[in-house]
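J.: Please find input_32.txt (compact mmCIF, C-alpha atoms and all ligand atoms) on the next line:
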# COMPACT_ATOMS: atom_id res chain seq x y z
CA MET A 1444 74.96 125.97 91.35
CA SER A 1445 77.57 126.14 94.07
CA VAL A 1446 79.16 129.50 94.60
CA ARG A 1447 82.83 129.60 95.49
CA THR A 1448 83.25 131.80 98.55
CA PRO A 1449 86.54 133.36 99.56
CA HIS A 1450 86.47 131.08 102.60
CA GLN A 1451 86.99 128.06 100.38
CA GLU A 1452 90.19 129.60 99.12
CA VAL A 1453 91.72 130.07 102.53
CA GLU A 1454 93.54 126.78 102.41
CA GLY A 1455 95.80 127.82 99.54
CA LEU A 1456 96.81 130.96 101.44
CA LEU A 1457 97.57 129.40 104.82
CA PRO A 1458 101.12 128.97 106.08
CA SER A 1459 102.44 125.55 107.10
CA ALA A 1460 101.42 124.62 110.65
CA VAL A 1461 105.07 124.60 111.72
CA PRO A 1462 107.93 126.59 110.20
CA VAL A 1463 109.41 124.95 107.08
CA ARG A 1464 112.78 123.38 107.81
CA PHE A 1465 115.34 121.42 105.76
CA VAL A 1466 118.27 121.25 108.19
CA ALA A 1467 118.09 120.48 111.92
CA GLU A 1468 119.96 122.59 114.48
CA ASP A 1469 122.81 120.07 114.60
CA GLY A 1470 123.29 120.37 110.83
CA THR A 1471 121.73 117.01 109.97
CA ASP A 1472 118.94 116.55 107.44
CA ALA A 1473 115.52 117.40 108.88
CA GLY A 1474 113.69 115.68 106.01
CA ALA A 1475 112.91 117.94 103.04
CA PRO A 1476 109.32 119.18 102.92
CA ALA A 1477 107.52 117.80 99.85
CA GLU A 1478 106.17 121.19 98.67
CA TYR A 1479 109.57 122.85 98.37
CA ALA A 1480 112.55 122.20 96.10
CA ALA A 1481 116.01 121.95 97.65
CA PRO A 1482 118.32 124.71 96.38
CA GLU A 1483 121.26 123.75 94.15
CA ASP A 1484 124.41 122.67 96.00
CA ALA A 1485 126.44 125.45 94.36
CA ALA A 1486 123.96 128.07 95.62
CA LEU A 1487 124.39 126.78 99.17
CA VAL A 1488 128.18 126.98 98.99
CA GLU A 1489 127.91 130.52 97.63
CA ALA A 1490 125.46 131.38 100.42
CA TYR A 1491 127.97 130.06 102.97
CA ARG A 1492 130.73 132.33 101.60
CA ARG A 1493 128.44 135.34 101.74
CA MET A 1494 127.37 134.45 105.29
CA VAL A 1495 130.99 134.28 106.46
CA LEU A 1496 131.63 137.65 104.80
CA GLY A 1497 128.41 139.14 106.17
CA ARG A 1498 129.17 138.11 109.71
CA ARG A 1499 132.68 139.53 109.51
CA PHE A 1500 131.32 142.76 108.03
CA ASP A 1501 128.85 142.96 110.91
CA ARG A 1502 131.59 142.54 113.51
CA GLN A 1503 133.69 145.20 111.79
CA ALA A 1504 130.77 147.63 111.66
CA THR A 1505 130.18 147.14 115.38
CA ALA A 1506 133.88 147.81 116.02
CA LEU A 1507 133.65 150.98 113.94
CA THR A 1508 130.98 152.34 116.32
CA ARG A 1509 133.45 151.93 119.20
CA GLN A 1510 136.12 153.75 117.22
CA GLY A 1511 133.76 156.66 116.61
CA ARG A 1512 133.69 155.95 112.87
CA LEU A 1513 130.02 155.01 112.76
CA ALA A 1514 127.29 156.88 114.62
CA VAL A 1515 125.13 153.81 115.16
CA TYR A 1516 124.91 150.22 113.92
CA PRO A 1517 121.97 147.81 114.16
CA SER A 1518 123.58 144.38 114.04
CA SER A 1519 122.42 141.55 111.76
CA ARG A 1520 124.21 138.82 113.75
CA GLY A 1521 121.98 135.76 113.93
CA GLN A 1522 119.89 136.91 110.97
CA GLU A 1523 122.38 136.18 108.20
CA ALA A 1524 120.47 133.17 106.84
CA CYS A 1525 117.46 135.43 106.29
CA GLN A 1526 119.30 138.33 104.74
CA ILE A 1527 121.54 136.30 102.48
CA ALA A 1528 118.76 133.98 101.32
CA GLY A 1529 116.63 137.06 100.63
CA VAL A 1530 119.27 138.49 98.34
CA LEU A 1531 120.06 135.16 96.64
CA ALA A 1532 116.39 134.59 95.86
CA LEU A 1533 116.35 137.80 93.80
CA ARG A 1534 117.65 138.50 90.32
CA GLU A 1535 119.60 141.64 89.42
CA ASN A 1536 116.52 143.33 87.96
CA ASP A 1537 114.47 142.68 91.11
CA TRP A 1538 114.13 145.36 93.78
CA LEU A 1539 114.94 145.16 97.48
CA PHE A 1540 113.36 147.45 100.10
CA PRO A 1541 115.47 146.97 103.25
CA THR A 1542 115.33 148.36 106.80
CA TYR A 1543 118.13 149.79 108.92
CA ARG A 1544 118.76 146.20 110.20
CA ASP A 1545 119.63 144.80 106.77
CA SER A 1546 123.14 146.08 105.97
CA VAL A 1547 124.39 142.50 105.60
CA ALA A 1548 121.83 141.92 102.83
CA LEU A 1549 123.15 144.92 100.93
CA VAL A 1550 126.74 143.80 101.29
CA ALA A 1551 125.70 140.32 100.16
CA ARG A 1552 124.17 141.89 97.06
CA GLY A 1553 127.67 143.07 96.21
CA MET A 1554 127.27 146.73 97.15
CA ASP A 1555 130.24 148.81 98.34
CA PRO A 1556 130.28 148.48 102.17
CA VAL A 1557 131.45 152.09 102.61
CA GLU A 1558 128.49 153.31 100.55
CA VAL A 1559 126.19 151.05 102.57
CA LEU A 1560 127.45 152.56 105.84
CA THR A 1561 127.20 156.19 104.70
CA LEU A 1562 123.88 156.85 106.42
CA LEU A 1563 124.92 155.17 109.67
CA ARG A 1564 128.10 157.20 109.53
CA GLY A 1565 126.02 160.36 109.71
CA GLY A 1566 125.80 161.25 106.01
CA TRP A 1567 122.66 163.05 104.85
CA HIS A 1568 122.00 160.67 101.95
CA CYS A 1569 121.81 156.90 101.71
CA GLY A 1570 125.24 156.49 100.15
CA TYR A 1571 124.28 154.56 97.04
CA ASP A 1572 122.18 155.01 93.93
CA PRO A 1573 118.84 153.23 94.48
CA ALA A 1574 117.95 153.28 90.77
CA ALA A 1575 121.27 151.74 89.70
CA THR A 1576 121.39 149.13 92.45
CA ARG A 1577 117.65 148.49 92.60
CA VAL A 1578 117.92 148.76 96.37
CA ALA A 1579 115.76 151.40 98.09
CA PRO A 1580 117.36 153.46 100.89
CA GLN A 1581 117.46 151.52 104.17
CA CYS A 1582 114.27 152.56 105.87
CA THR A 1583 114.09 153.74 109.49
CA PRO A 1584 110.40 154.76 109.85
CA LEU A 1585 108.90 151.33 110.55
CA ALA A 1586 107.00 149.60 107.72
CA THR A 1587 106.77 152.65 105.43
CA GLN A 1588 108.97 150.75 102.97
CA THR A 1589 106.27 148.09 102.58
CA ILE A 1590 103.96 150.64 100.97
CA HIS A 1591 106.71 151.94 98.71
CA ALA A 1592 107.50 148.34 97.74
CA VAL A 1593 103.92 147.70 96.61
CA GLY A 1594 103.99 150.88 94.55
CA MET A 1595 107.24 149.82 92.90
CA ALA A 1596 105.93 146.31 92.24
CA GLU A 1597 102.80 147.67 90.59
CA ALA A 1598 104.91 150.08 88.53
CA LEU A 1599 107.10 147.23 87.26
CA ARG A 1600 104.01 145.24 86.34
CA ARG A 1601 102.42 148.14 84.48
CA LYS A 1602 105.65 148.74 82.57
CA GLY A 1603 105.63 145.10 81.48
CA GLU A 1604 108.86 144.27 83.34
CA ASP A 1605 109.11 140.87 85.01
CA GLY A 1606 110.87 142.21 88.13
CA VAL A 1607 109.80 141.28 91.64
CA VAL A 1608 110.05 143.46 94.74
CA MET A 1609 111.04 142.12 98.15
CA ALA A 1610 110.31 144.21 101.24
CA PHE A 1611 112.07 143.32 104.47
CA VAL A 1612 110.24 144.17 107.68
CA GLY A 1613 110.67 143.35 111.38
CA ASP A 1614 108.19 141.74 113.77
CA GLY A 1615 107.55 145.15 115.34
CA GLY A 1616 106.92 146.60 111.90
CA THR A 1617 104.01 144.19 111.37
CA SER A 1618 102.03 146.10 114.04
CA GLU A 1619 102.21 149.30 112.01
CA GLY A 1620 99.19 150.46 110.01
CA ASP A 1621 101.38 150.86 106.94
CA PHE A 1622 102.16 147.13 106.93
CA HIS A 1623 98.45 146.28 106.83
CA GLU A 1624 97.71 148.87 104.17
CA ALA A 1625 100.55 147.50 102.07
CA LEU A 1626 99.27 143.92 102.38
CA ASN A 1627 95.75 145.01 101.52
CA TYR A 1628 96.83 147.02 98.50
CA ALA A 1629 99.17 144.24 97.30
CA GLY A 1630 96.37 141.68 97.62
CA VAL A 1631 93.90 143.80 95.65
CA LEU A 1632 96.42 144.65 92.92
CA ARG A 1633 97.99 141.18 92.92
CA ALA A 1634 101.29 143.03 92.83
CA PRO A 1635 104.55 141.06 92.39
CA VAL A 1636 105.83 141.75 95.89
CA VAL A 1637 107.18 139.48 98.62
CA PHE A 1638 106.91 140.72 102.20
CA PHE A 1639 109.69 139.09 104.20
CA VAL A 1640 109.25 139.37 107.95
CA GLN A 1641 112.37 138.71 109.99
CA ASN A 1642 110.76 137.85 113.28
CA ASN A 1643 113.77 138.29 115.57
CA LYS A 1644 111.51 138.21 118.65
CA TYR A 1645 112.10 141.77 119.86
CA ALA A 1646 111.23 145.30 118.82
CA ILE A 1647 113.98 146.99 120.81
CA SER A 1648 112.88 145.84 124.32
CA VAL A 1649 109.33 144.76 123.40
CA PRO A 1650 109.07 140.95 123.19
CA LEU A 1651 106.86 139.27 120.61
CA ALA A 1652 104.25 138.24 123.21
CA LYS A 1653 103.59 141.92 123.95
CA GLN A 1654 103.62 142.78 120.26
CA THR A 1655 100.88 140.49 118.96
CA ALA A 1656 98.36 137.78 119.84
CA ALA A 1657 98.54 136.28 116.33
CA PRO A 1658 99.37 132.53 116.25
CA ALA A 1659 102.21 133.45 113.87
CA LEU A 1660 102.94 136.67 112.00
CA ALA A 1661 102.51 134.74 108.74
CA TYR A 1662 98.76 134.58 109.43
CA LYS A 1663 98.58 138.32 108.94
CA GLY A 1664 98.64 137.78 105.17
CA VAL A 1665 95.63 135.48 104.96
CA GLY A 1666 93.03 138.14 105.82
CA TYR A 1667 94.26 140.20 102.88
CA GLY A 1668 94.21 137.32 100.42
CA VAL A 1669 98.00 137.14 100.43
CA ARG A 1670 99.56 133.70 100.23
CA SER A 1671 101.67 133.11 103.33
CA GLU A 1672 104.38 130.86 104.73
CA GLN A 1673 106.53 130.53 107.81
CA VAL A 1674 110.06 129.19 107.85
CA ASP A 1675 112.91 128.44 110.24
CA GLY A 1676 114.89 131.65 109.76
CA ASN A 1677 118.15 130.10 111.01
CA ASP A 1678 118.07 127.40 108.34
CA LEU A 1679 119.55 128.97 105.22
CA VAL A 1680 118.47 126.03 103.07
CA ALA A 1681 114.83 126.42 104.11
CA VAL A 1682 114.75 130.21 103.81
CA LEU A 1683 116.32 130.11 100.35
CA SER A 1684 113.94 127.41 99.19
CA VAL A 1685 110.80 129.17 100.46
CA LEU A 1686 111.81 132.64 99.26
CA THR A 1687 112.77 131.31 95.83
CA ALA A 1688 109.30 129.77 95.55
CA ALA A 1689 107.66 133.00 96.76
CA VAL A 1690 109.62 135.15 94.30
CA GLU A 1691 108.83 132.85 91.38
CA HIS A 1692 105.15 132.82 92.39
CA ALA A 1693 105.12 136.63 92.28
CA ARG A 1694 107.13 136.78 89.04
CA SER A 1695 104.80 134.41 87.22
CA GLY A 1696 101.74 136.53 88.00
CA GLY A 1697 100.57 134.57 91.05
CA GLY A 1698 100.39 137.69 93.22
CA PRO A 1699 102.00 138.74 96.50
CA TYR A 1700 103.48 136.53 99.20
CA LEU A 1701 104.17 136.95 102.89
CA VAL A 1702 106.99 134.91 104.43
CA GLU A 1703 107.73 134.98 108.14
CA ALA A 1704 111.17 133.75 109.22
CA HIS A 1705 111.61 132.74 112.86
CA THR A 1706 115.02 134.00 113.91
CA TYR A 1707 116.72 135.91 116.71
CA ARG A 1708 118.59 139.17 117.11
CA MET A 1709 121.77 137.94 118.83
CA ASP A 1710 123.07 141.38 119.79
CA SER A 1711 121.44 144.45 121.29
CA HIS A 1712 119.04 146.50 119.16
CA THR A 1713 121.96 148.80 118.30
CA ASN A 1714 125.25 149.68 119.97
CA ALA A 1715 123.22 152.28 121.93
CA ASP A 1716 121.09 149.57 123.59
CA ASP A 1717 121.80 147.03 126.36
CA ALA A 1718 119.72 143.90 125.73
CA SER A 1719 120.82 142.27 128.99
CA ARG A 1720 118.34 144.60 130.71
CA TYR A 1721 115.36 142.84 129.14
CA ARG A 1722 116.56 139.38 127.98
CA GLU A 1723 117.59 136.35 129.99
CA ASP A 1724 121.07 134.92 129.35
CA GLU A 1725 119.52 131.46 129.02
CA GLU A 1726 117.35 132.57 126.14
CA VAL A 1727 120.31 134.09 124.32
CA ALA A 1728 122.38 130.94 124.90
CA ARG A 1729 119.57 128.79 123.48
CA TRP A 1730 119.60 130.80 120.27
CA GLU A 1731 123.40 130.86 120.16
CA ALA A 1732 123.15 127.06 119.82
CA ALA A 1733 120.87 127.55 116.80
CA ASP A 1734 123.40 129.78 115.03
CA PRO A 1735 122.61 129.87 111.29
CA LEU A 1736 126.22 130.04 110.09
CA ALA A 1737 127.46 127.12 112.20
CA ARG A 1738 124.41 125.11 111.12
CA LEU A 1739 125.05 125.63 107.41
CA GLU A 1740 128.76 124.94 107.79
CA THR A 1741 128.16 121.64 109.63
CA HIS A 1742 125.53 120.69 107.08
CA LEU A 1743 127.71 121.38 104.04
CA ARG A 1744 130.73 119.67 105.58
CA GLY A 1745 128.57 116.65 106.41
CA ARG A 1746 127.46 116.45 102.78
CA GLY A 1747 131.03 116.76 101.51
CA LEU A 1748 130.26 120.10 99.83
CA LEU A 1749 132.70 122.12 101.93
CA SER A 1750 136.31 121.22 102.69
CA GLU A 1751 138.65 122.50 105.39
CA GLU A 1752 140.36 124.60 102.69
CA ASP A 1753 137.05 126.08 101.51
CA VAL A 1754 136.26 127.18 105.07
CA ALA A 1755 139.73 128.66 105.52
CA SER A 1756 139.57 130.52 102.22
CA ALA A 1757 136.10 131.94 102.99
CA ARG A 1758 137.37 133.20 106.35
CA GLU A 1759 140.53 134.63 104.83
CA ALA A 1760 138.54 136.52 102.18
CA ALA A 1761 136.31 137.89 104.95
CA GLU A 1762 139.34 139.06 106.97
CA GLU A 1763 140.75 140.88 103.96
CA TYR A 1764 137.38 142.46 103.27
CA ALA A 1765 137.08 143.67 106.87
CA ALA A 1766 140.63 145.07 106.91
CA ARG A 1767 139.93 147.02 103.71
CA LEU A 1768 136.70 148.33 105.16
CA ARG A 1769 138.44 149.43 108.37
CA ASP A 1770 141.14 151.27 106.41
CA ARG A 1771 138.65 153.01 104.13
CA MET A 1772 136.49 154.06 107.08
CA ALA A 1773 139.54 155.45 108.92
CA ALA A 1774 139.67 158.42 106.55
CA ASP A 1775 137.34 161.25 107.46
CA PRO A 1776 134.66 161.66 104.79
CA GLU A 1777 134.73 164.85 102.75
CA ALA A 1778 131.69 166.77 103.92
CA ASP A 1779 130.44 170.09 102.63
CA PRO A 1780 128.13 171.47 105.34
CA PHE A 1781 126.44 173.74 102.81
CA GLU A 1782 124.97 170.68 101.06
CA LEU A 1783 122.65 170.49 104.03
CA PHE A 1784 120.56 173.21 102.44
CA ASP A 1785 120.44 171.64 98.98
CA HIS A 1786 117.74 169.22 97.84
CA VAL A 1787 115.25 170.33 100.52
CA PHE A 1788 113.04 172.47 98.28
CA ALA A 1789 113.35 173.15 94.54
CA GLU A 1790 113.41 176.84 95.51
CA PRO A 1791 115.07 177.42 98.90
CA THR A 1792 112.74 179.09 101.40
CA PRO A 1793 113.65 182.46 102.95
CA GLN A 1794 114.40 180.65 106.24
CA LEU A 1795 116.81 178.24 104.56
CA ARG A 1796 118.53 181.12 102.74
CA GLU A 1797 118.87 182.93 106.05
CA GLN A 1798 120.30 179.86 107.81
CA ARG A 1799 122.72 179.25 104.97
CA ALA A 1800 123.95 182.84 105.21
CA LEU A 1801 124.33 182.52 108.97
CA LEU A 1802 126.43 179.37 108.55
CA ALA A 1803 128.51 181.10 105.90
CA SER A 1804 129.17 184.07 108.18
CA GLU A 1805 130.34 181.70 110.93
CA MET A 1806 132.40 179.39 108.74
CA LEU A 1807 133.72 181.78 106.13
CA PRO A 1808 133.97 185.12 107.89
CA GLY A 1809 134.41 188.03 105.50
CA GLU A 1810 133.30 186.06 102.45
CA ASP A 1811 129.60 186.97 102.34
C1 LIG A 1901 107.09 154.64 112.79
C2 LIG A 1901 108.18 154.38 113.80
N1 LIG A 1901 107.86 154.25 115.10
C3 LIG A 1901 108.83 154.02 116.01
C4 LIG A 1901 110.14 153.92 115.63
C5 LIG A 1901 111.24 153.69 116.68
N2 LIG A 1901 111.80 152.35 116.50
C6 LIG A 1901 112.97 152.17 115.86
S1 LIG A 1901 113.40 150.57 115.74
C7 LIG A 1901 112.03 150.07 116.58
C8 LIG A 1901 111.77 148.60 116.83
C9 LIG A 1901 111.48 147.87 115.57
O1 LIG A 1901 111.43 146.50 115.77
P1 LIG A 1901 111.26 145.47 114.61
O2 LIG A 1901 110.30 145.98 113.57
O3 LIG A 1901 110.93 144.16 115.20
O4 LIG A 1901 112.67 145.45 113.88
P2 LIG A 1901 114.12 145.07 114.45
O5 LIG A 1901 114.74 146.36 114.95
O6 LIG A 1901 113.96 144.05 115.51
O7 LIG A 1901 114.86 144.56 113.27
C10 LIG A 1901 111.25 151.17 116.95
C11 LIG A 1901 110.01 151.11 117.73
C12 LIG A 1901 110.43 154.08 114.26
N3 LIG A 1901 111.68 153.98 113.79
N4 LIG A 1901 109.44 154.29 113.36
Translate the structure of the given file into structure tokens.
Ligand SMILES: Cc1ncc(C[n+]2csc(CCOP(=O)(O)OP(=O)(O)O)c2C)c(N)n1

T.:
Amino acid sequence: MSVRTPHQEVEGLLPSAVPVRFVAEDGTDAGAPAEYAAPEDAALVEAYRRMVLGRRFDRQATALTRQGRLAVYPSSRGQEACQIAGVLALRENDWLFPTYRDSVALVARGMDPVEVLTLLRGGWHCGYDPAATRVAPQCTPLATQTIHAVGMAEALRRKGEDGVVMAFVGDGGTSEGDFHEALNYAGVLRAPVVFFVQNNKYAISVPLAKQTAAPALAYKGVGYGVRSEQVDGNDLVAVLSVLTAAVEHARSGGGPYLVEAHTYRMDSHTNADDASRYREDEEVARWEAADPLARLETHLRGRGLLSEEDVASAREAAEEYAARLRDRMAADPEADPFELFDHVFAEPTPQLREQRALLASEMLPGED
């Protein structure tokens, strides 16, 4: 009798040898890969509109840091194909676990941009209701969200819901112990979770080559029994196709998935960083030529799916959206400094009570 060893099952878990691609950098057809279905034309046009909006939102958020309206902003420019495809691959009852980098994904999911920017504006809470939106707070401690995502996915499964959880994580995040624990736990539980790595080549100033010796980050799933894939992260069509397949695999009980998207962070890590200190201009220019938005636009125009008027109307809608955002962010938020002491402990500690009283004596003299 022949015994089936785990080694014989490796093949079904392995990513493609080269990243999956549908559209070449110049917008022409790259020859659809046989294993993946092309997304519907209407979904691509909708993705284009959301990319135009997302990029304009990103530019506005960066401007708001210069105007002192936002404390910090980690830009998504260059990563819109990833973030918008990630959102479009999910249904409303699916959960998203984003990082600080993924504001464009949240906006693309239809969330209020002012709520999305609350944390980066210096608020003490995430600005939106995670339970109502099914979007976890944007996570700053690297890769911790991947563990929470597995827990949520397992909870949905145990409750008999057919929801899927997608956890976004950066290339740097894949070096964290939490990422590996999450993959291991997801593999064992066969939890309906998709780990989506946006490999933008840098973790602040640390380049990928100093981050890992793995042939591709997608291979990190195989050792945990997690089916894996790698995709051209600047090709919206490819990312949407692969993530849709990964989500449906997880939804239908097939277990977790790891997808690595090869992309690039076009701007500095945040407005507080200067990427020209550790990146060559030539490298940035090379990726500028692979811009995901220009690629999708050329592709859709070439296929007759997008007219001059469609492009103009998408841009106009984005301008209006940005102007509204700027106006709403111009008003100072109402902040009650005493809320700082709420929600820390069920019963405030003596130290917190003391600090609260001190603040009160300074802010409201004569009232205590
Ligand atoms: C546990 C932890 N360690 C260190 C940091 C500091 N830190 C913030 S962002 C960052 C780089 C993360 O890079 P990557 O995961 O590739 O995501 P990207 O910012 O490129 O989207 C680091 C080291 C942190 N936030 N959390």

J.: Which residues come within 12 Å of Arg1601 in chain A, counting only C-alpha atoms, excluding same-chain residues fewer than 4 positions away, as a list of chain:residue names?

T.: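 Residues meeting the cut-off are A:Gly1594, A:Met1595, A:Ala1596, A:Glu1597, A:Asp1605, A:Gly1606, A:Leu1632, A:Arg1633, A:Ala1634, A:Pro1635.
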
J.: Write out as a list in words the residues lying within 10 Å of Thr1587 in chain A, counting all atoms listed in the file and excluding same-chain residues fewer than 5 positions away.

T.: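 What passes the distance filter is Phe1540, Thr1542, Cys1582, Ala1592, Val1612, Gly1616, Glu1619, Gly1620, Asp1621, Phe1622, Glu1624 and Ala1625 of chain A.
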
J.: What does the structure give for the distance between CA of Pro1735 in chain A and CA of Pro1650 in chain A, in Å to one decimal?

T.: 21.2 Å

J.: Please find the residues contacting ligand LIG 1901 (chain A) at a distance of at most 7 Å between atoms, with only C-alpha atoms and all ligand atoms counted, and report them as a compact mmCIF listing (two decimals) with C-alpha atoms, in the coordinates of the input.

T.:
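The file below, part.txt, is the result:
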# COMPACT_ATOMS: atom_id res chain seq x y z
CA ARG A 1544 118.76 146.20 110.20
CA THR A 1583 114.09 153.74 109.49
CA PRO A 1584 110.40 154.76 109.85
CA LEU A 1585 108.90 151.33 110.55
CA VAL A 1612 110.24 144.17 107.68
CA GLY A 1613 110.67 143.35 111.38
CA ASP A 1614 108.19 141.74 113.77
CA GLY A 1615 107.55 145.15 115.34
CA GLY A 1616 106.92 146.60 111.90
CA THR A 1617 104.01 144.19 111.37
CA ASN A 1642 110.76 137.85 113.28
CA ASN A 1643 113.77 138.29 115.57
CA LYS A 1644 111.51 138.21 118.65
CA TYR A 1645 112.10 141.77 119.86
CA ALA A 1646 111.23 145.30 118.82
CA ILE A 1647 113.98 146.99 120.81
CA ARG A 1708 118.59 139.17 117.11
CA HIS A 1712 119.04 146.50 119.16

J.: CA of Ser1695 in chain A to CA of Leu1487 in chain A: how many Å, to one decimal?

T.: 24.2 Å

J.: From the set A:Val1649, A:Leu1795, A:Val1463, A:Ala1528, which residue has the shortest atom-to-atom contact distance to Thr1687 in chain A, counting only C-alpha atoms?

T.: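 Of the candidates, the smallest distance to Thr1687 in chain A is held by A:Ala1528.
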
J.: Could range 1792-1808 of chain A be written out with N, CA, C and O atoms, as a PDB file, in the first residue's frame, please?

T.:
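Below is the file part-v3.pdb, written as the result:
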ATOM      1  N   THR A1792      -7.892  53.230  37.569  1.00  0.00           N
ATOM      2  CA  THR A1792      -6.915  53.000  38.637  1.00  0.00           C
ATOM      3  C   THR A1792      -6.727  54.296  39.421  1.00  0.00           C
ATOM      4  O   THR A1792      -7.045  55.385  38.929  1.00  0.00           O
ATOM      5  N   PRO A1793      -6.177  54.208  40.637  1.00  0.00           N
ATOM      6  CA  PRO A1793      -5.919  55.428  41.417  1.00  0.00           C
ATOM      7  C   PRO A1793      -5.050  56.415  40.642  1.00  0.00           C
ATOM      8  O   PRO A1793      -5.292  57.624  40.666  1.00  0.00           O
ATOM      9  N   GLN A1794      -4.059  55.894  39.889  1.00  0.00           N
ATOM     10  CA  GLN A1794      -3.176  56.795  39.131  1.00  0.00           C
ATOM     11  C   GLN A1794      -3.961  57.558  38.062  1.00  0.00           C
ATOM     12  O   GLN A1794      -3.767  58.751  37.860  1.00  0.00           O
ATOM     13  N   LEU A1795      -4.850  56.832  37.369  1.00  0.00           N
ATOM     14  CA  LEU A1795      -5.636  57.507  36.323  1.00  0.00           C
ATOM     15  C   LEU A1795      -6.557  58.560  36.934  1.00  0.00           C
ATOM     16  O   LEU A1795      -6.710  59.654  36.384  1.00  0.00           O
ATOM     17  N   ARG A1796      -7.150  58.204  38.084  1.00  0.00           N
ATOM     18  CA  ARG A1796      -8.048  59.177  38.764  1.00  0.00           C
ATOM     19  C   ARG A1796      -7.263  60.431  39.140  1.00  0.00           C
ATOM     20  O   ARG A1796      -7.727  61.555  38.955  1.00  0.00           O
ATOM     21  N   GLU A1797      -6.034  60.193  39.614  1.00  0.00           N
ATOM     22  CA  GLU A1797      -5.181  61.304  40.035  1.00  0.00           C
ATOM     23  C   GLU A1797      -4.830  62.188  38.828  1.00  0.00           C
ATOM     24  O   GLU A1797      -4.903  63.418  38.875  1.00  0.00           O
ATOM     25  N   GLN A1798      -4.468  61.535  37.719  1.00  0.00           N
ATOM     26  CA  GLN A1798      -4.093  62.296  36.517  1.00  0.00           C
ATOM     27  C   GLN A1798      -5.284  63.070  35.959  1.00  0.00           C
ATOM     28  O   GLN A1798      -5.158  64.194  35.480  1.00  0.00           O
ATOM     29  N   ARG A1799      -6.437  62.437  36.036  1.00  0.00           N
ATOM     30  CA  ARG A1799      -7.652  63.110  35.547  1.00  0.00           C
ATOM     31  C   ARG A1799      -7.916  64.364  36.381  1.00  0.00           C
ATOM     32  O   ARG A1799      -8.230  65.438  35.836  1.00  0.00           O
ATOM     33  N   ALA A1800      -7.752  64.237  37.691  1.00  0.00           N
ATOM     34  CA  ALA A1800      -7.992  65.375  38.588  1.00  0.00           C
ATOM     35  C   ALA A1800      -6.981  66.485  38.319  1.00  0.00           C
ATOM     36  O   ALA A1800      -7.319  67.675  38.328  1.00  0.00           O
ATOM     37  N   LEU A1801      -5.750  66.078  38.044  1.00  0.00           N
ATOM     38  CA  LEU A1801      -4.697  67.065  37.762  1.00  0.00           C
ATOM     39  C   LEU A1801      -5.053  67.852  36.497  1.00  0.00           C
ATOM     40  O   LEU A1801      -4.971  69.083  36.465  1.00  0.00           O
ATOM     41  N   LEU A1802      -5.493  67.104  35.472  1.00  0.00           N
ATOM     42  CA  LEU A1802      -5.872  67.760  34.214  1.00  0.00           C
ATOM     43  C   LEU A1802      -7.042  68.716  34.458  1.00  0.00           C
ATOM     44  O   LEU A1802      -7.057  69.848  33.963  1.00  0.00           O
ATOM     45  N   ALA A1803      -7.996  68.237  35.252  1.00  0.00           N
ATOM     46  CA  ALA A1803      -9.167  69.072  35.540  1.00  0.00           C
ATOM     47  C   ALA A1803      -8.751  70.359  36.256  1.00  0.00           C
ATOM     48  O   ALA A1803      -9.243  71.452  35.930  1.00  0.00           O
ATOM     49  N   SER A1804      -7.790  70.237  37.187  1.00  0.00           N
ATOM     50  CA  SER A1804      -7.394  71.441  37.934  1.00  0.00           C
ATOM     51  C   SER A1804      -6.673  72.430  37.026  1.00  0.00           C
ATOM     52  O   SER A1804      -6.717  73.629  37.226  1.00  0.00           O
ATOM     53  N   GLU A1805      -6.006  71.895  35.981  1.00  0.00           N
ATOM     54  CA  GLU A1805      -5.305  72.793  35.056  1.00  0.00           C
ATOM     55  C   GLU A1805      -6.252  73.390  34.014  1.00  0.00           C
ATOM     56  O   GLU A1805      -6.108  74.537  33.610  1.00  0.00           O
ATOM     57  N   MET A1806      -7.224  72.564  33.576  1.00  0.00           N
ATOM     58  CA  MET A1806      -8.096  73.036  32.497  1.00  0.00           C
ATOM     59  C   MET A1806      -9.320  73.771  33.009  1.00  0.00           C
ATOM     60  O   MET A1806      -9.847  74.656  32.337  1.00  0.00           O
ATOM     61  N   LEU A1807      -9.826  73.334  34.153  1.00  0.00           N
ATOM     62  CA  LEU A1807     -11.056  73.904  34.668  1.00  0.00           C
ATOM     63  C   LEU A1807     -10.804  74.417  36.084  1.00  0.00           C
ATOM     64  O   LEU A1807     -11.349  73.884  37.051  1.00  0.00           O
ATOM     65  N   PRO A1808      -9.947  75.410  36.241  1.00  0.00           N
ATOM     66  CA  PRO A1808      -9.609  75.824  37.593  1.00  0.00           C
ATOM     67  C   PRO A1808     -10.859  76.240  38.368  1.00  0.00           C
ATOM     68  O   PRO A1808     -11.759  76.877  37.825  1.00  0.00           O
TER      69      PRO A1808
END
